[in-house]
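Engineer: You'll find structure_13.cif just under this line, and it carries mmCIF, C-alpha atoms.
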```cif
data_data
loop_
_atom_site.label_atom_id
_atom_site.label_comp_id
_atom_site.auth_asym_id
_atom_site.auth_seq_id
_atom_site.Cartn_x
_atom_site.Cartn_y
_atom_site.Cartn_z
CA MET A 1 0.00 0.00 0.00
CA SER A 2 1.43 3.36 -1.00
CA PHE A 3 1.90 6.32 1.29
CA ARG A 4 -0.85 8.17 -0.61
CA ASP A 5 -3.27 5.24 -0.06
CA ARG A 6 -2.49 5.31 3.66
CA LEU A 7 -3.19 9.03 3.82
CA THR A 8 -6.51 8.47 2.05
CA LEU A 9 -7.40 5.82 4.64
CA GLN A 10 -6.41 8.23 7.38
CA ARG A 11 -8.86 10.81 6.04
CA MET A 12 -11.61 8.24 5.41
CA ARG A 13 -11.57 6.59 8.85
CA VAL A 14 -14.17 8.89 10.43
CA PRO A 15 -16.68 8.88 7.52
CA LEU A 16 -16.33 5.08 7.23
CA GLY A 17 -16.93 4.83 10.97
CA PHE A 18 -20.22 6.66 10.60
CA VAL A 19 -21.27 4.41 7.71
CA PHE A 20 -20.46 1.33 9.78
CA ALA A 21 -22.39 2.81 12.73
CA ILE A 22 -25.51 3.09 10.57
CA VAL A 23 -25.11 -0.49 9.28
CA PHE A 24 -24.50 -1.60 12.86
CA LEU A 25 -27.66 0.07 14.21
CA VAL A 26 -29.79 -1.33 11.38
CA PHE A 27 -28.64 -4.94 11.76
CA ALA A 28 -27.95 -5.16 15.51
CA LYS A 29 -30.15 -7.56 17.48
CA PRO A 30 -29.27 -6.50 21.02
CA GLN A 31 -29.99 -8.81 23.93
CA PRO A 32 -29.61 -7.79 27.58
CA VAL A 33 -26.77 -10.17 28.50
CA PHE A 34 -24.71 -9.19 25.44
CA MET A 35 -25.45 -5.52 26.04
CA ALA A 36 -24.12 -5.86 29.60
CA ILE A 37 -20.90 -7.58 28.49
CA GLY A 38 -20.46 -5.23 25.54
CA GLY A 39 -21.16 -2.25 27.78
CA ILE A 40 -18.31 -3.18 30.10
CA VAL A 41 -15.90 -3.56 27.16
CA ALA A 42 -17.07 -0.27 25.60
CA ILE A 43 -16.71 1.65 28.87
CA ILE A 44 -13.16 0.34 29.30
CA GLY A 45 -12.44 1.62 25.78
CA LEU A 46 -14.02 4.97 26.59
CA LEU A 47 -11.93 5.31 29.77
CA ILE A 48 -8.72 4.49 27.88
CA ARG A 49 -9.57 7.16 25.30
CA ALA A 50 -10.31 9.72 28.04
CA TRP A 51 -7.07 8.90 29.88
CA SER A 52 -5.13 9.15 26.62
CA SER A 53 -6.56 12.52 25.62
CA GLY A 54 -5.37 14.03 28.89
CA HIS A 55 -1.76 13.07 28.13
CA ILE A 56 -1.25 14.04 24.48
CA ARG A 57 0.01 17.39 23.33
CA LYS A 58 -0.43 16.95 19.59
CA ASN A 59 2.50 18.05 17.43
CA LYS A 60 4.25 19.65 20.44
CA ASP A 61 5.64 16.94 22.70
CA LEU A 62 6.20 13.23 22.31
CA ALA A 63 3.56 11.61 24.52
CA ILE A 64 5.18 8.99 26.76
CA SER A 65 3.17 9.44 29.97
CA GLY A 66 -0.02 7.80 31.16
CA PRO A 67 -1.27 5.20 28.69
CA TYR A 68 1.43 6.23 26.18
CA ALA A 69 3.96 4.57 28.51
CA HIS A 70 2.23 1.24 27.72
CA THR A 71 1.20 1.51 24.06
CA ARG A 72 2.02 3.98 21.31
CA ASN A 73 -1.62 4.17 20.22
CA PRO A 74 -3.89 4.15 23.27
CA LEU A 75 -6.54 6.29 21.57
CA TYR A 76 -6.85 3.65 18.85
CA LEU A 77 -6.81 0.86 21.43
CA GLY A 78 -9.67 2.62 23.24
CA SER A 79 -11.55 3.02 19.95
CA PHE A 80 -11.05 -0.65 19.20
CA LEU A 81 -12.48 -1.65 22.58
CA LEU A 82 -15.41 0.74 22.11
CA GLY A 83 -16.19 -0.82 18.74
CA LEU A 84 -15.71 -4.34 20.06
CA GLY A 85 -18.09 -3.56 22.92
CA PHE A 86 -20.73 -2.43 20.45
CA CYS A 87 -20.22 -5.54 18.35
CA ILE A 88 -20.70 -7.76 21.39
CA ALA A 89 -23.82 -5.79 22.32
CA SER A 90 -25.21 -6.26 18.80
CA SER A 91 -25.39 -10.05 19.25
CA VAL A 92 -24.55 -10.38 15.54
CA TRP A 93 -21.25 -12.15 14.90
CA TRP A 94 -20.73 -10.91 11.36
CA LEU A 95 -20.90 -7.27 12.49
CA GLY A 96 -17.91 -8.05 14.70
CA LEU A 97 -16.12 -9.65 11.77
CA ILE A 98 -16.74 -6.61 9.54
CA PHE A 99 -15.59 -4.30 12.32
CA ILE A 100 -12.33 -6.19 12.85
CA VAL A 101 -11.56 -6.33 9.12
CA LEU A 102 -12.31 -2.60 8.70
CA TYR A 103 -10.32 -1.72 11.80
CA LEU A 104 -7.26 -3.70 10.74
CA GLY A 105 -7.49 -2.40 7.18
CA ILE A 106 -7.81 1.24 8.20
CA TYR A 107 -6.12 1.81 11.53
CA PHE A 108 -2.92 -0.20 11.19
CA PRO A 109 -1.91 1.66 8.00
CA VAL A 110 -2.87 4.93 9.72
CA MET A 111 -0.65 4.02 12.68
CA ASN A 112 2.24 3.48 10.27
CA VAL A 113 1.68 6.88 8.61
CA GLU A 114 1.56 8.54 12.01
CA ALA A 115 4.77 6.73 13.06
CA ARG A 116 6.51 8.26 10.02
CA ASP A 117 5.21 11.70 10.97
CA LEU A 118 6.39 11.28 14.57
CA THR A 119 9.80 10.10 13.40
CA ALA A 120 10.07 13.23 11.26
CA MET A 121 9.02 15.46 14.20
CA PHE A 122 10.87 13.83 17.08
CA GLY A 123 13.65 11.82 15.41
CA LYS A 124 15.74 9.62 17.71
CA SER A 125 13.44 10.25 20.68
CA PHE A 126 10.54 8.65 18.84
CA GLU A 127 12.70 5.86 17.42
CA ASN A 128 13.85 4.92 20.93
CA TYR A 129 10.27 5.12 22.21
CA ALA A 130 8.99 3.00 19.30
CA ALA A 131 11.70 0.39 19.95
CA ASN A 132 10.50 0.01 23.53
CA VAL A 133 6.73 0.53 23.41
CA PRO A 134 4.40 -1.70 21.36
CA LEU A 135 2.43 -0.24 18.48
CA PHE A 136 -0.97 -1.39 19.74
CA PHE A 137 -1.17 -4.12 22.38
CA PRO A 138 0.00 -2.60 25.67
CA ARG A 139 3.00 -3.66 27.69
CA LEU A 140 2.30 -4.24 31.38
CA THR A 141 5.14 -2.12 32.74
CA ALA A 142 5.50 1.55 31.98
CA TYR A 143 8.15 2.59 29.45
CA ALA A 144 9.40 5.50 31.52
CA LYS A 145 8.55 7.46 34.62
CA SER A 146 7.04 10.84 33.93
CA ASP A 147 5.96 13.74 36.09
CA LEU A 148 3.20 14.56 33.62
CA LYS A 149 -0.24 13.90 35.03
CA PHE A 150 -3.65 13.72 33.38
CA ASP A 151 -4.63 17.21 32.21
CA LEU A 152 -8.38 17.83 32.18
CA ASN A 153 -7.85 20.89 29.97
CA LEU A 154 -6.40 18.65 27.23
CA TYR A 155 -9.37 16.28 27.57
CA LEU A 156 -11.70 19.25 27.06
CA LYS A 157 -9.57 20.82 24.33
CA TYR A 158 -9.73 17.64 22.24
CA ARG A 159 -13.48 17.32 23.01
CA GLU A 160 -13.07 13.71 24.04
CA TYR A 161 -16.34 13.95 26.00
CA ARG A 162 -18.06 13.57 22.61
CA ALA A 163 -17.07 9.88 22.61
CA GLY A 164 -18.99 9.46 25.87
CA LEU A 165 -22.02 11.24 24.46
CA GLY A 166 -21.86 9.06 21.36
CA LEU A 167 -21.68 5.94 23.51
CA LEU A 168 -24.69 7.07 25.54
CA ILE A 169 -26.80 7.89 22.49
CA ALA A 170 -25.94 4.65 20.71
CA TRP A 171 -26.60 2.62 23.86
CA VAL A 172 -30.03 4.23 24.24
CA ILE A 173 -30.83 3.31 20.63
CA LEU A 174 -29.68 -0.27 21.25
CA ALA A 175 -31.73 -0.48 24.43
CA LEU A 176 -34.84 0.80 22.65
CA LYS A 177 -34.23 -1.66 19.84
CA ALA A 178 -33.86 -4.49 22.37
CA ILE A 179 -37.11 -3.54 24.06
CA TYR A 180 -39.34 -2.72 21.10
CA LEU A 181 -38.02 -4.80 18.19
CA ARG A 182 -37.78 -8.30 19.60
#
```
Would you mind writing the structure in this file as structure tokens?
Structural biologist:
Amino acid sequence: MSFRDRLTLQRMRVPLGFVFAIVFLVFAKPQPVFMAIGGIVAIIGLLIRAWSSGHIRKNKDLAISGPYAHTRNPLYLGSFLLGLGFCIASSVWWLGLIFIVLYLGIYFPVMNVEARDLTAMFGKSFENYAANVPLFFPRLTAYAKSDLKFDLNLYLKYREYRAGLGLLIAWVILALKAIYLR
């Protein structure tokens, strides 16, 4: 896949996410037990995204504190868990399969493009970080100690609360669908 193709995927990830969300809501057949399990997974994803957003200073500093000390892409990990939680809640196996294929096909190339950008911005610092911190699946021990703490202002600046609102709205729709469209 060319660099240009990866950039196109990077730009298309949000619109494709909305298309998948519509397909998901149409075909989901939510059941209470799967909604409960999926809800737990989705909330964990939401919390990882929130934690991550309070530690990243985009295009200014290399983020290595908080969740970035465990994985280079905690926002994407959180998004993956959010999506996986929804797929579990849907009770439709093939929605999960489509989600995983789309996620792998879109986000892993995007992570590679972003790694190139970070190498260009931060050079050896990023290369050392990348050599010690996994791309996606987190390491159990922190990469480095940092005095940087979660910054609520960053969370608000990046409007990460919208992910929580989206989760709430989608979960209400799933609950209504579970109740009224059995």
Engineer: So how far away is atom CA of Asp151 of chain A from atom CA of Val41 of chain A, in Å?
Structural biologist: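 For atom CA of Val41 of chain A relative to atom CA of Asp151 of chain A, the distance reads 24.2 Å.
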Engineer: Pick from A:Ala21, A:Ala130, A:Leu135, A:Leu181: nearest to Val110 of chain A, with only C-alpha atoms counted?
Structural biologist: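 With only C-alpha atoms as the atom set, the closest residue is A:Leu135.
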Engineer: Do you have the atom CA of Thr141 of chain A-atom CA of Thr71 of chain A distance handy?
Structural biologist: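 Going from atom CA of Thr141 of chain A over to atom CA of Thr71 of chain A, I get 10.2 Å.
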Engineer: Write out as a PyMOL selection string the residues lying within 9 Å of Tyr155 of chain A, counting all atoms listed in the file and excluding same-chain residues fewer than 6 positions away.
Structural biologist: chain A and resi 50-56+161
Engineer: Rank A:Ala69, A:Ile37, A:Val26, A:Val19 by their smallest atom-to-atom distance to Pro138 of chain A, using all atoms listed in the file, and report the top residue only.
Structural biologist: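 Once distances to Pro138 of chain A are computed over all atoms listed in the file, the minimum belongs to A:Ala69.
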Engineer: Kindly extract all protein, DNA and RNA residues lying within 12 Å of the coordinates (3.2, 6.6, 15.1) given in the file, considering only C-alpha atoms, and supply them as a ChimeraX atom specification.
Structural biologist: /A:58-59,62-63,68,71-76,107-123,126-127,129-131,133-136
Engineer: Taking only C-alpha atoms into account, which of A:Pro67, A:Gly45, A:Ser91, A:Ala144 comes nearest Asn128 of chain A?
Structural biologist: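 Closest to Asn128 of chain A, using only C-alpha atoms: A:Ala144.
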Engineer: Quick one: which residues end up in the PyMOL selection byres ((chain A and resi 106) around 12) for this structure, as a ChimeraX atom specification?
Structural biologist: /A:1,5-17,76,80,98-105,107-113
